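Undergrad: For reference, the file target17.txt (compact mmCIF, C-alpha atoms and all ligand atoms) is included below:
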```txt
# COMPACT_ATOMS: atom_id res chain seq x y z
CA MET A 193 31.46 -9.18 19.59
CA GLU A 194 29.33 -11.43 21.80
CA SER A 195 29.85 -15.15 21.29
CA LYS A 196 26.87 -16.93 22.93
CA CYS A 197 23.57 -16.00 24.51
CA VAL A 198 24.60 -16.12 28.21
CA HIS A 199 21.24 -17.41 29.45
CA CYS A 200 20.48 -20.14 26.97
CA LYS A 201 23.90 -21.19 25.63
CA THR A 202 22.54 -21.22 22.13
CA MET A 203 23.39 -19.01 19.19
CA LYS A 204 20.95 -16.10 19.21
CA ILE A 205 19.89 -15.01 15.74
CA LEU A 206 17.72 -11.95 15.23
CA THR A 207 16.07 -11.74 11.80
CA ILE A 208 14.94 -8.23 10.88
CA PHE A 209 12.68 -7.37 7.95
CA GLY A 210 9.92 -4.99 6.95
CA THR A 211 8.29 -5.58 3.56
CA ARG A 212 6.38 -8.27 1.67
CA PRO A 213 9.28 -9.63 -0.41
CA GLU A 214 11.65 -9.80 2.57
CA ALA A 215 9.01 -11.70 4.54
CA ILE A 216 8.43 -14.20 1.72
CA LYS A 217 12.15 -14.77 1.25
CA LEU A 218 12.95 -15.03 4.96
CA ALA A 219 10.00 -17.27 5.91
CA PRO A 220 11.74 -20.54 4.89
CA LEU A 221 14.87 -19.46 6.76
CA ILE A 222 12.98 -18.58 9.94
CA LYS A 223 11.21 -21.97 9.79
CA GLU A 224 14.55 -23.72 9.37
CA LEU A 225 16.15 -21.76 12.25
CA GLN A 226 13.25 -22.68 14.53
CA LYS A 227 14.04 -26.38 14.03
CA GLN A 228 17.56 -25.99 15.39
CA LYS A 229 18.19 -26.83 19.05
CA ALA A 230 21.45 -24.89 18.94
CA VAL A 231 19.70 -21.69 17.87
CA THR A 232 17.46 -19.17 19.62
CA SER A 233 15.61 -17.55 16.75
CA ARG A 234 14.08 -14.12 17.32
CA VAL A 235 12.13 -12.06 14.81
CA CYS A 236 11.75 -8.29 14.51
CA VAL A 237 9.58 -6.61 11.89
CA THR A 238 9.91 -2.90 11.25
CA ALA A 239 6.56 -3.14 9.43
CA GLN A 240 7.81 -0.79 6.74
CA HIS A 241 4.83 -2.46 4.98
CA ARG A 242 1.70 -3.24 6.98
CA GLU A 243 -1.13 -5.07 5.17
CA MET A 244 1.20 -6.61 2.59
CA LEU A 245 3.56 -7.80 5.32
CA ASP A 246 0.76 -9.15 7.50
CA GLN A 247 -0.51 -11.30 4.60
CA VAL A 248 2.83 -13.12 4.58
CA LEU A 249 3.18 -13.37 8.37
CA GLN A 250 -0.26 -14.99 8.58
CA LEU A 251 0.29 -17.36 5.70
CA PHE A 252 3.60 -18.68 7.03
CA LYS A 253 2.47 -18.40 10.66
CA ILE A 254 5.47 -16.31 11.64
CA LYS A 255 5.36 -15.03 15.20
CA CYS A 256 7.14 -11.72 15.70
CA ASP A 257 8.94 -10.93 18.93
CA TRP A 258 9.05 -7.25 17.94
CA ASP A 259 6.66 -5.33 15.70
CA LEU A 260 7.77 -1.71 15.33
CA ASP A 261 4.66 -0.83 13.29
CA LEU A 262 6.49 1.91 11.38
CA MET A 263 4.47 2.21 8.16
CA ARG A 264 2.79 5.53 7.50
CA LYS A 265 0.70 6.35 4.43
CA ASP A 266 2.89 7.69 1.61
CA GLN A 267 6.03 7.61 3.76
CA SER A 268 9.18 9.18 2.36
CA LEU A 269 12.59 7.53 2.27
CA PHE A 270 13.68 10.01 4.96
CA ASP A 271 10.74 9.05 7.22
CA ILE A 272 11.25 5.34 7.05
CA THR A 273 15.03 5.50 7.28
CA ALA A 274 15.08 7.78 10.33
CA ARG A 275 12.29 6.03 12.22
CA ALA A 276 13.68 2.55 11.56
CA LEU A 277 17.17 3.50 12.74
CA GLN A 278 15.86 5.10 15.89
CA SER A 279 13.53 2.22 16.77
CA LEU A 280 16.07 -0.51 16.14
CA GLU A 281 18.51 0.83 18.73
CA ARG A 282 16.31 -0.34 21.58
CA VAL A 283 15.56 -3.72 19.98
CA LEU A 284 19.22 -4.51 19.42
CA LYS A 285 20.28 -3.30 22.87
CA GLU A 286 17.65 -5.47 24.54
CA GLU A 287 18.15 -8.51 22.33
CA ARG A 288 21.96 -8.45 21.99
CA PRO A 289 21.91 -11.17 19.33
CA ASP A 290 25.05 -13.00 18.18
CA ILE A 291 24.07 -12.22 14.62
CA VAL A 292 21.48 -10.15 12.77
CA LEU A 293 20.09 -11.46 9.49
CA VAL A 294 18.80 -9.06 6.84
CA GLN A 295 17.51 -9.73 3.34
CA GLY A 296 17.82 -7.98 0.03
CA ASP A 297 17.76 -4.27 -0.76
CA THR A 298 14.98 -2.49 1.09
CA THR A 299 15.46 0.46 3.41
CA THR A 300 14.79 -1.89 6.32
CA ALA A 301 17.64 -4.17 5.18
CA PHE A 302 20.10 -1.28 4.93
CA VAL A 303 19.05 0.43 8.16
CA ALA A 304 19.00 -2.79 10.20
CA SER A 305 22.55 -3.47 8.97
CA LEU A 306 23.64 0.02 9.97
CA ALA A 307 22.03 -0.31 13.41
CA ALA A 308 23.72 -3.69 14.01
CA TYR A 309 27.06 -2.24 12.91
CA TYR A 310 26.74 0.66 15.35
CA LEU A 311 26.47 -1.92 18.14
CA LYS A 312 29.24 -4.13 16.67
CA ILE A 313 26.83 -7.00 16.09
CA LYS A 314 27.67 -9.43 13.30
CA ILE A 315 25.51 -9.22 10.16
CA GLY A 316 24.51 -11.89 7.64
CA HIS A 317 23.18 -10.53 4.34
CA VAL A 318 20.80 -12.87 2.54
CA GLU A 319 20.63 -12.24 -1.22
CA ALA A 320 23.96 -10.43 -1.25
CA GLY A 321 25.81 -9.29 -4.35
CA LEU A 322 23.00 -8.28 -6.76
CA ARG A 323 24.03 -5.32 -8.89
CA THR A 324 22.97 -3.23 -11.88
CA ALA A 325 25.97 -0.88 -11.49
CA ASP A 326 23.58 2.09 -11.84
CA LYS A 327 22.97 3.95 -8.58
CA PHE A 328 19.51 5.21 -9.62
CA ASN A 329 18.25 1.95 -11.17
CA PRO A 330 16.57 0.52 -9.20
CA PHE A 331 16.19 3.44 -6.80
CA PRO A 332 17.04 3.28 -3.93
CA GLU A 333 17.61 -0.49 -3.95
CA GLU A 334 20.96 -0.51 -5.79
CA ILE A 335 22.50 1.64 -3.04
CA ASN A 336 20.61 -0.09 -0.20
CA ARG A 337 22.08 -3.46 -1.16
CA ARG A 338 25.58 -2.07 -1.68
CA LEU A 339 25.47 -0.48 1.77
CA ALA A 340 24.14 -3.68 3.34
CA ASP A 341 27.00 -5.58 1.69
CA VAL A 342 29.60 -3.10 2.96
CA LEU A 343 28.29 -3.54 6.51
CA ALA A 344 27.91 -7.35 6.41
CA ASP A 345 30.23 -10.04 7.81
CA LEU A 346 28.71 -13.02 5.98
CA TRP A 347 27.39 -12.84 2.42
CA PHE A 348 24.77 -15.33 1.21
CA ALA A 349 24.91 -14.90 -2.54
CA PRO A 350 22.03 -16.48 -4.46
CA THR A 351 24.01 -17.21 -7.64
CA GLU A 352 27.60 -17.49 -8.92
CA LYS A 353 27.09 -14.17 -10.72
CA ALA A 354 26.23 -12.45 -7.41
CA LYS A 355 29.35 -13.98 -5.83
CA GLU A 356 31.47 -12.69 -8.73
CA ASN A 357 30.09 -9.17 -8.15
CA LEU A 358 31.15 -9.36 -4.50
CA LEU A 359 34.60 -10.70 -5.34
CA GLN A 360 35.12 -7.88 -7.83
CA GLU A 361 34.35 -5.38 -5.07
CA GLY A 362 36.98 -6.97 -2.82
CA PHE A 363 34.83 -8.82 -0.28
CA PRO A 364 36.63 -11.77 1.37
CA PRO A 365 36.12 -14.99 -0.67
CA GLY A 366 36.00 -17.23 2.42
CA ARG A 367 32.95 -15.37 3.77
CA ILE A 368 30.85 -15.47 0.57
CA PHE A 369 28.57 -18.50 0.14
CA VAL A 370 26.52 -19.36 -2.93
CA THR A 371 23.28 -20.72 -1.50
CA GLY A 372 20.55 -20.21 -4.10
CA ASN A 373 17.73 -17.76 -3.45
CA THR A 374 15.37 -18.57 -0.58
CA VAL A 375 12.46 -17.32 -2.73
CA ILE A 376 12.52 -20.67 -4.53
CA ASP A 377 12.24 -22.44 -1.15
CA ALA A 378 9.22 -20.24 -0.35
CA LEU A 379 7.61 -20.86 -3.72
CA PHE A 380 7.96 -24.65 -3.52
CA LEU A 381 6.80 -24.64 0.10
CA ILE A 382 3.64 -22.70 -0.65
CA LEU A 383 2.75 -24.56 -3.83
CA ARG A 384 3.08 -27.86 -1.92
CA GLN A 385 1.06 -26.65 1.06
CA GLU A 386 -1.86 -24.73 -0.32
CA SER A 387 -4.73 -26.63 -1.84
CA ARG A 388 -5.45 -25.94 -5.47
CA ALA A 389 -9.21 -25.79 -4.88
CA LYS A 390 -8.84 -23.03 -2.33
CA ASN A 391 -6.62 -21.01 -4.62
CA GLN A 392 -8.94 -21.37 -7.58
CA LEU A 393 -11.32 -19.10 -5.73
CA VAL A 394 -9.09 -16.27 -6.78
CA LEU A 395 -10.02 -16.88 -10.42
CA SER A 396 -13.74 -17.34 -9.84
CA ASP A 397 -13.72 -14.11 -7.80
CA PHE A 398 -13.53 -12.18 -11.05
CA GLY A 399 -15.40 -14.54 -13.31
CA LEU A 400 -12.46 -16.51 -14.72
CA SER A 401 -11.55 -20.17 -14.68
CA THR A 402 -8.37 -22.08 -15.39
CA ASP A 403 -9.79 -22.65 -18.90
CA ASP A 404 -8.98 -19.02 -19.62
CA SER A 405 -5.62 -20.02 -21.01
CA ARG A 406 -4.52 -16.52 -21.99
CA LEU A 407 -4.28 -14.71 -18.76
CA ILE A 408 -1.65 -11.98 -18.41
CA LEU A 409 -0.51 -11.29 -14.86
CA VAL A 410 0.87 -7.82 -14.11
CA THR A 411 2.60 -6.17 -11.15
CA GLY A 412 4.54 -2.91 -10.81
CA HIS A 413 5.85 -0.67 -8.05
CA ARG A 414 9.34 0.71 -8.78
CA ARG A 415 10.07 4.23 -7.55
CA GLU A 416 12.19 5.10 -10.59
CA SER A 417 9.05 4.61 -12.75
CA PHE A 418 6.74 6.87 -10.72
CA GLY A 419 5.07 9.52 -12.85
CA LYS A 420 5.65 9.25 -16.59
CA GLY A 421 7.05 5.69 -16.44
CA PHE A 422 3.94 4.36 -14.73
CA GLU A 423 1.62 6.16 -17.12
CA GLN A 424 3.52 4.62 -20.03
CA ILE A 425 3.20 1.15 -18.48
CA CYS A 426 -0.56 1.68 -18.10
CA TYR A 427 -1.01 2.89 -21.70
CA GLY A 428 0.91 -0.18 -22.89
CA LEU A 429 -1.39 -2.48 -20.88
CA LYS A 430 -4.47 -0.67 -22.15
CA LYS A 431 -3.42 -1.19 -25.76
CA ILE A 432 -2.73 -4.90 -25.18
CA ALA A 433 -6.20 -5.32 -23.64
CA GLU A 434 -8.02 -3.34 -26.33
CA ARG A 435 -6.32 -5.12 -29.23
CA ASN A 436 -6.84 -8.61 -27.75
CA ASN A 437 -10.34 -8.94 -26.38
CA ASP A 438 -9.84 -12.73 -26.01
CA ILE A 439 -7.27 -12.23 -23.22
CA GLN A 440 -7.72 -11.18 -19.59
CA ILE A 441 -5.23 -9.04 -17.69
CA VAL A 442 -5.13 -9.52 -13.93
CA TYR A 443 -3.30 -6.82 -12.00
CA PRO A 444 -3.03 -6.98 -8.18
CA VAL A 445 -2.22 -3.32 -7.54
CA HIS A 446 0.51 -2.44 -5.02
CA LEU A 447 -0.76 -0.27 -2.13
CA ASN A 448 1.62 2.62 -2.78
CA PRO A 449 -0.52 5.65 -3.76
CA HIS A 450 2.01 6.61 -6.46
CA VAL A 451 1.13 3.32 -8.13
CA ARG A 452 -2.59 3.18 -7.40
CA ASP A 453 -3.45 6.64 -8.70
CA PRO A 454 -2.28 6.27 -12.33
CA VAL A 455 -3.28 2.60 -12.52
CA HIS A 456 -6.88 3.22 -11.46
CA ARG A 457 -7.14 6.44 -13.47
CA ILE A 458 -5.91 4.91 -16.74
CA LEU A 459 -7.03 1.28 -16.46
CA GLY A 460 -10.09 1.47 -14.20
CA ASP A 461 -12.63 1.24 -17.03
CA VAL A 462 -11.01 -1.31 -19.34
CA ALA A 463 -13.33 -4.33 -19.55
CA ASN A 464 -10.74 -7.10 -19.73
CA ILE A 465 -8.35 -5.61 -17.16
CA HIS A 466 -9.04 -6.73 -13.60
CA LEU A 467 -7.51 -4.42 -11.00
CA ILE A 468 -7.51 -6.29 -7.71
CA GLU A 469 -6.00 -5.85 -4.24
CA PRO A 470 -2.58 -7.42 -3.46
CA LEU A 471 -3.04 -11.17 -3.19
CA ASP A 472 -1.66 -13.32 -0.43
CA TYR A 473 1.39 -15.24 -1.60
CA ALA A 474 -0.41 -18.59 -1.97
CA ARG A 475 -2.99 -17.12 -4.31
CA PHE A 476 -0.44 -15.09 -6.18
CA ALA A 477 1.78 -18.14 -6.69
CA PHE A 478 -1.24 -20.04 -7.97
CA LEU A 479 -2.03 -17.25 -10.44
CA MET A 480 1.59 -17.27 -11.64
CA SER A 481 1.35 -21.00 -12.22
CA GLN A 482 -1.87 -20.56 -14.25
CA CYS A 483 -1.08 -17.51 -16.36
CA TYR A 484 0.15 -17.30 -19.95
CA LEU A 485 2.57 -14.42 -19.50
CA ILE A 486 3.85 -12.11 -16.73
CA LEU A 487 4.57 -8.40 -17.10
CA THR A 488 6.35 -6.99 -14.07
CA ASP A 489 9.06 -4.78 -12.62
CA SER A 490 9.32 -6.94 -9.48
CA GLY A 491 12.59 -8.48 -8.38
CA GLY A 492 11.10 -11.57 -6.75
CA ILE A 493 8.81 -12.39 -9.64
CA GLN A 494 11.75 -12.39 -12.06
CA GLU A 495 13.16 -15.18 -9.87
CA GLU A 496 9.95 -17.18 -9.40
CA ALA A 497 8.64 -17.16 -12.97
CA PRO A 498 11.44 -19.27 -14.53
CA ALA A 499 10.87 -21.96 -11.89
CA LEU A 500 7.25 -22.12 -13.09
CA GLY A 501 8.11 -22.00 -16.80
CA LYS A 502 6.39 -18.64 -17.31
CA PRO A 503 7.82 -16.00 -19.66
CA VAL A 504 8.42 -12.60 -18.11
CA LEU A 505 8.60 -9.21 -19.77
CA VAL A 506 10.51 -7.01 -17.34
CA MET A 507 9.19 -3.44 -17.42
CA ARG A 508 12.48 -1.84 -16.37
CA ASP A 509 15.57 -0.51 -18.12
CA LYS A 510 18.03 -2.59 -16.10
CA THR A 511 17.97 -5.76 -14.07
CA GLU A 512 20.22 -7.10 -11.33
CA ARG A 513 18.95 -10.59 -12.23
CA PRO A 514 20.58 -11.27 -15.61
CA GLU A 515 20.35 -15.02 -15.04
CA ALA A 516 16.73 -15.21 -16.27
CA ILE A 517 17.54 -13.12 -19.35
CA GLU A 518 20.50 -15.40 -20.11
CA ALA A 519 18.30 -18.48 -19.61
CA GLY A 520 15.99 -16.97 -22.25
CA THR A 521 12.89 -16.95 -20.04
CA ALA A 522 12.80 -13.20 -19.37
CA LYS A 523 13.25 -10.11 -21.54
CA LEU A 524 13.89 -6.48 -20.55
CA VAL A 525 11.34 -4.25 -22.29
CA GLY A 526 11.61 -0.94 -20.39
CA THR A 527 8.64 1.31 -19.69
CA ASN A 528 7.79 2.63 -23.15
CA SER A 529 4.12 1.86 -23.88
CA GLU A 530 4.61 0.92 -27.53
CA ARG A 531 7.51 -1.43 -26.71
CA ILE A 532 5.47 -3.11 -23.94
CA PHE A 533 2.58 -3.57 -26.36
CA LEU A 534 4.73 -4.88 -29.25
CA GLU A 535 6.74 -7.35 -27.13
CA SER A 536 3.55 -8.69 -25.53
CA GLN A 537 1.81 -8.96 -28.89
CA LYS A 538 4.73 -11.01 -30.26
CA LEU A 539 4.27 -13.54 -27.47
CA LEU A 540 0.50 -13.61 -27.98
CA ASP A 541 0.80 -14.16 -31.76
CA ASP A 542 3.97 -16.19 -32.26
CA HIS A 543 3.57 -19.61 -30.70
CA ILE A 544 7.15 -20.70 -31.44
CA LYS A 545 8.61 -17.61 -29.85
CA TYR A 546 6.31 -18.13 -26.87
CA LYS A 547 7.35 -21.77 -26.45
CA GLN A 548 11.02 -20.78 -26.54
CA MET A 549 10.49 -18.47 -23.58
CA ALA A 550 8.06 -20.68 -21.65
CA ARG A 551 10.74 -23.13 -20.54
CA ARG A 552 11.24 -24.20 -16.98
CA ALA A 553 14.62 -23.09 -15.62
CA ASN A 554 16.06 -22.78 -12.15
CA PRO A 555 18.86 -20.23 -12.35
CA PHE A 556 17.98 -18.88 -8.90
CA GLY A 557 18.02 -22.00 -6.78
CA ASP A 558 16.79 -25.50 -6.07
CA GLY A 559 14.60 -24.91 -3.01
CA ARG A 560 17.29 -25.75 -0.44
CA ALA A 561 18.84 -22.33 0.12
CA ALA A 562 17.51 -21.92 3.67
CA LYS A 563 19.01 -25.25 4.78
CA ARG A 564 22.38 -24.22 3.32
CA ILE A 565 22.32 -20.85 5.08
CA VAL A 566 21.50 -22.46 8.42
CA GLY A 567 24.30 -25.01 7.91
CA ILE A 568 26.75 -22.16 7.31
CA LEU A 569 25.54 -20.23 10.38
CA LEU A 570 25.91 -23.31 12.60
CA GLY A 571 29.37 -23.95 11.15
CA GLU A 572 30.32 -20.39 12.03
CA ASP A 573 29.21 -20.94 15.59
CA GLU A 574 31.21 -24.18 15.92
CA ALA A 575 34.28 -22.55 14.40
CA LYS A 576 34.19 -19.92 17.16
CA GLU A 577 34.26 -22.44 20.03
C1 LIG B 601 9.32 -1.12 -0.75
C2 LIG B 601 10.84 -1.17 -0.92
C3 LIG B 601 11.21 -1.82 -2.24
C4 LIG B 601 10.53 -3.16 -2.40
C5 LIG B 601 9.03 -2.98 -2.22
C6 LIG B 601 8.32 -4.31 -2.28
C7 LIG B 601 12.22 0.63 -0.01
C8 LIG B 601 12.65 2.03 -0.13
N1 LIG B 601 11.37 0.20 -0.92
O1 LIG B 601 8.80 -0.22 -1.73
O2 LIG B 601 12.62 -2.00 -2.29
O3 LIG B 601 10.80 -3.65 -3.69
O4 LIG B 601 8.78 -2.40 -0.93
O5 LIG B 601 6.94 -4.15 -2.44
O6 LIG B 601 12.64 -0.05 0.89
N2 LIG B 601 1.68 0.74 1.56
C9 LIG B 601 0.52 0.40 2.24
N3 LIG B 601 0.45 -0.85 2.80
C10 LIG B 601 1.44 -1.78 2.69
C11 LIG B 601 2.58 -1.43 1.96
C12 LIG B 601 2.70 -0.16 1.42
O7 LIG B 601 -0.40 1.18 2.37
O8 LIG B 601 1.29 -2.88 3.22
C13 LIG B 601 1.79 2.10 0.99
C14 LIG B 601 1.96 3.17 2.09
O9 LIG B 601 1.30 4.35 1.69
C15 LIG B 601 3.48 3.37 2.11
C16 LIG B 601 3.79 3.24 0.62
O10 LIG B 601 2.95 2.17 0.17
O11 LIG B 601 3.86 4.61 2.65
C17 LIG B 601 5.24 2.97 0.29
O12 LIG B 601 5.79 1.88 1.03
P1 LIG B 601 7.40 1.74 1.09
O13 LIG B 601 7.76 0.50 1.81
O14 LIG B 601 8.02 3.00 1.54
O15 LIG B 601 7.80 1.63 -0.45
P2 LIG B 601 7.43 0.53 -1.53
O16 LIG B 601 7.19 1.28 -2.79
O17 LIG B 601 6.38 -0.37 -1.01
N1 LIG B 602 3.44 -11.14 -4.57
C1 LIG B 602 2.36 -11.50 -3.76
N2 LIG B 602 1.14 -10.94 -4.00
C2 LIG B 602 0.94 -10.02 -4.99
C3 LIG B 602 2.06 -9.64 -5.79
C4 LIG B 602 3.29 -10.21 -5.54
O1 LIG B 602 2.50 -12.33 -2.86
O2 LIG B 602 -0.19 -9.55 -5.16
C5 LIG B 602 4.77 -11.74 -4.28
C6 LIG B 602 5.57 -12.24 -5.46
O3 LIG B 602 5.27 -13.59 -5.76
C7 LIG B 602 7.00 -12.08 -4.98
C8 LIG B 602 6.93 -10.85 -4.08
O4 LIG B 602 5.56 -10.70 -3.73
O5 LIG B 602 7.44 -13.16 -4.18
C9 LIG B 602 7.44 -9.66 -4.82
O6 LIG B 602 7.11 -8.49 -4.15
P1 LIG B 602 7.31 -7.05 -4.80
O7 LIG B 602 7.15 -7.15 -6.26
O8 LIG B 602 6.41 -6.15 -4.04
O9 LIG B 602 8.80 -6.69 -4.39
P2 LIG B 602 10.23 -6.94 -5.09
O10 LIG B 602 10.44 -8.39 -5.26
O11 LIG B 602 10.26 -6.17 -6.37
O12 LIG B 602 11.18 -6.34 -4.09
```
Would you put the structure from the file into structure tokens?
TA:
Amino acid sequence: MESKCVHCKTMKILTIFGTRPEAIKLAPLIKELQKQKAVTSRVCVTAQHREMLDQVLQLFKIKCDWDLDLMRKDQSLFDITARALQSLERVLKEERPDIVLVQGDTTTAFVASLAAYYLKIKIGHVEAGLRTADKFNPFPEEINRRLADVLADLWFAPTEKAKENLLQEGFPPGRIFVTGNTVIDALFLILRQESRAKNQLVLSDFGLSTDDSRLILVTGHRRESFGKGFEQICYGLKKIAERNNDIQIVYPVHLNPHVRDPVHRILGDVANIHLIEPLDYARFAFLMSQCYLILTDSGGIQEEAPALGKPVLVMRDKTERPEAIEAGTAKLVGTNSERIFLESQKLLDDHIKYKQMARRANPFGDGRAAKRIVGILLGEDEAKE
């Protein structure tokens, strides 16, 4: 393996990502890497996502050295996997970084790890060690993150539980670091930076104000729920809205057509359900901070909500983030419409139950994960000399 960038005598780190959540979670790390004199930080986006990725790049002012512009409408797993692998060969051969950083469990994270391995380039996996132990739940993320972990050389585990998972699978203890999740860094950064007044526009856009205390925020996009699962989620939301005309449901709808079709078909005409386009992270974080309750299948939102003291009903059968469930701020409710309705109704009707869940907790980090990761990377570099 290469030790130093021959031209600049600094450690060359290439961060590769492709989707909205990876961009949000890597933004604090890229910012931190840019501050280091001993590091040459380079950024490559596969653009597995396009509009939803660009929202994050603009917000955090991330300049990309490579933009592979891979997204196609309704791309298959085969498409994105094959095209990403093929395109990354050239990037890695030209860049020859000392280390590649990948994040999480997307196809980009797995494929970038595989491409780096083929060229014997060291790999750091951010958010390593998350597991449900069910290969189809979430699909294909459970296998993507396992494969990324198998290929990695350094594992940045967000929690002790994630570290334990890695240890159980036989990864070397001295190379696993518990850092916290960088999503908490991103959340704190954006809530500090963005002015409240500007973000309030998002509420007035659809005739709401922060006085609307009972706002339910919804997101959903998991592949394993496509079809019947998504229809069930929509029928559950419809029933909540129809039985509680004093509440408002705000749903920024993911751009995947397998999500948009059932959501617009089933919920398009419900008066107190607002289907809106994906929000930029600043506005979305503001909405999270203002809402009463969150219903989601998102990974990142399960991590952010406890930091904001917002209860989350997780519309999935399994989660790789048991920490929020154990902290009592999140509950798994699956995708059955009646269950989604009943669990939501409990939290709308029972104030004590609601208060028990609406506690602030930080099981996923303290906002300093990126600094820790950079410290570890620099330590690695010194150890080599
Ligand atoms: C991907 C990740 C998933 C992650 C999610 C975050 C994989 C296989 N899936 O799922 O792990 O949780 O992102 O949101 O890596 N689209 C657009 N514009 C965009 C983004 C998506 O139009 O900016 C549409 C396109 O039609 C695209 C489709 O959504 O083909 C699917 O995108 P893709 O990245 O393959 O899957 P996601 O469901 O977004
Ligand atoms: N998010 C956003 N705008 C939205 C919806 C979500 O910025 O309209 C953020 C959210 O706060 C979280 C991330 O996007 O940080 C989660 O993305 P997603 O649910 O698409 O992916 P996952 O986390 O499930 O991989």
Undergrad: What do you get as a list in words if you pick all residues at most 6 Å from ligand LIG 602 (chain B), counting only C-alpha atoms and all ligand atoms?
TA: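 Written in the requested form, the residues are Arg212, Pro213, Pro444, Pro470, Leu471, Asp472, Tyr473, Phe476, Ala477, Ser490, Gly491, Gly492 and Ile493 of chain A.
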Undergrad: Ligand LIG 601 (chain B): which residues are within 7 Å, counting all atoms listed in the file? Reply as number ranges by chain.
TA: A: 211-213, 240-245, 263-269, 272, 297-300, 332-333, 413-415, 447-449, 490-491
Undergrad: Put those residues in a file: C-alpha atoms, as a compact mmCIF listing (two decimals), keeping the file's coordinate frame.
TA:
```
# COMPACT_ATOMS: atom_id res chain seq x y z
CA THR A 211 8.29 -5.58 3.56
CA ARG A 212 6.38 -8.27 1.67
CA PRO A 213 9.28 -9.63 -0.41
CA GLN A 240 7.81 -0.79 6.74
CA HIS A 241 4.83 -2.46 4.98
CA ARG A 242 1.70 -3.24 6.98
CA GLU A 243 -1.13 -5.07 5.17
CA MET A 244 1.20 -6.61 2.59
CA LEU A 245 3.56 -7.80 5.32
CA MET A 263 4.47 2.21 8.16
CA ARG A 264 2.79 5.53 7.50
CA LYS A 265 0.70 6.35 4.43
CA ASP A 266 2.89 7.69 1.61
CA GLN A 267 6.03 7.61 3.76
CA SER A 268 9.18 9.18 2.36
CA LEU A 269 12.59 7.53 2.27
CA ILE A 272 11.25 5.34 7.05
CA ASP A 297 17.76 -4.27 -0.76
CA THR A 298 14.98 -2.49 1.09
CA THR A 299 15.46 0.46 3.41
CA THR A 300 14.79 -1.89 6.32
CA PRO A 332 17.04 3.28 -3.93
CA GLU A 333 17.61 -0.49 -3.95
CA HIS A 413 5.85 -0.67 -8.05
CA ARG A 414 9.34 0.71 -8.78
CA ARG A 415 10.07 4.23 -7.55
CA LEU A 447 -0.76 -0.27 -2.13
CA ASN A 448 1.62 2.62 -2.78
CA PRO A 449 -0.52 5.65 -3.76
CA SER A 490 9.32 -6.94 -9.48
CA GLY A 491 12.59 -8.48 -8.38
```
Undergrad: What is the atom CA of A:Val370-atom CA of A:Glu334 distance in Å, reported with one decimal?
TA: 19.9 Å
Undergrad: In Å, how far is it from atom CA of A:Pro350 to atom CA of A:Thr232?
TA: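 Atom-to-atom, atom CA of A:Pro350 and atom CA of A:Thr232 are spaced 24.7 Å apart.
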Undergrad: What is the distance between atom CA of A:Asp257 and atom CA of A:Phe369, in Å to one decimal?
TA: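 Going from atom CA of A:Asp257 over to atom CA of A:Phe369, I get 28.2 Å.
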Undergrad: Go through A:Phe331, A:Ile205, A:Thr374, A:Ile568 one by one, measure the shortest atom-to-atom distance of each to A:Ala219 using all atoms listed in the file, and give the residue with the smallest value.
TA: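 Smallest separation from A:Ala219 among the options: A:Thr374.
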Undergrad: Determine the nearest neighbour of A:Arg475 from the options A:Glu496, A:Thr351, A:Ile382, A:Ala320, counting only C-alpha atoms.
TA: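 Ranked by minimum distance to A:Arg475, first place goes to A:Ile382.
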Undergrad: Using all atoms listed in the file, which of the listed residues (A:Glu214, A:Asp341, A:Glu423, A:Glu515) sits closest to A:Thr527?
TA: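 Using all atoms listed in the file, A:Thr527 sits closest to A:Glu423.
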Undergrad: I want to know what sits within 7 Å of stretch 253-256 of chain A, based on all atoms listed in the file, with residues of the same chain fewer than 4 positions away left out; could you give that as an mmCIF file with C-alpha atoms, keeping the file's coordinate frame?
TA:
```cif
data_model
loop_
_atom_site.group_PDB
_atom_site.id
_atom_site.type_symbol
_atom_site.label_atom_id
_atom_site.label_comp_id
_atom_site.auth_asym_id
_atom_site.auth_seq_id
_atom_site.Cartn_x
_atom_site.Cartn_y
_atom_site.Cartn_z
ATOM 1 C CA VAL A 235 12.130 -12.060 14.810
ATOM 2 C CA CYS A 236 11.750 -8.290 14.510
ATOM 3 C CA VAL A 237 9.580 -6.610 11.890
ATOM 4 C CA LEU A 249 3.180 -13.370 8.370
#
```
Undergrad: Which residue is closest to A:Phe363? Choose from A:Phe398, A:Trp347, A:Phe533, A:Phe209 and count all atoms listed in the file.
TA: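 Of A:Phe398, A:Trp347, A:Phe533, A:Phe209, the one nearest A:Phe363, counting all atoms listed in the file, is A:Trp347.
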Undergrad: Could you list, as a PyMOL selection string, every residue within 12 Å of A:Leu429, counting all atoms listed in the file and ignoring same-chain residues fewer than 2 positions away?
TA: chain A and resi 408-412+422-427+431-436+439-443+455+458-460+462+464-467+486-488+507+527-537
Undergrad: Could you pull out every residue with an atom within 9 Å of (27.4, -5.0, -10.5), file coordinates, counting all atoms listed in the file, and send them as JSON, numbers by chain?
TA: {"A": [321, 322, 323, 324, 325, 326, 354, 356, 357, 358, 360, 361, 512]}
Undergrad: Just want the 9 Å neighbourhood of A:Arg551, counted on only C-alpha atoms, with same-chain residues fewer than 5 positions away dropped. Output as a PyMOL selection string.
TA: chain A and resi 498-503+519-521
Undergrad: Any chance you can output those residues with C-alpha atoms as a compact mmCIF listing (two decimals), in the coordinates of the input?
TA:
```txt
# COMPACT_ATOMS: atom_id res chain seq x y z
CA PRO A 498 11.44 -19.27 -14.53
CA ALA A 499 10.87 -21.96 -11.89
CA LEU A 500 7.25 -22.12 -13.09
CA GLY A 501 8.11 -22.00 -16.80
CA LYS A 502 6.39 -18.64 -17.31
CA PRO A 503 7.82 -16.00 -19.66
CA ALA A 519 18.30 -18.48 -19.61
CA GLY A 520 15.99 -16.97 -22.25
CA THR A 521 12.89 -16.95 -20.04
```
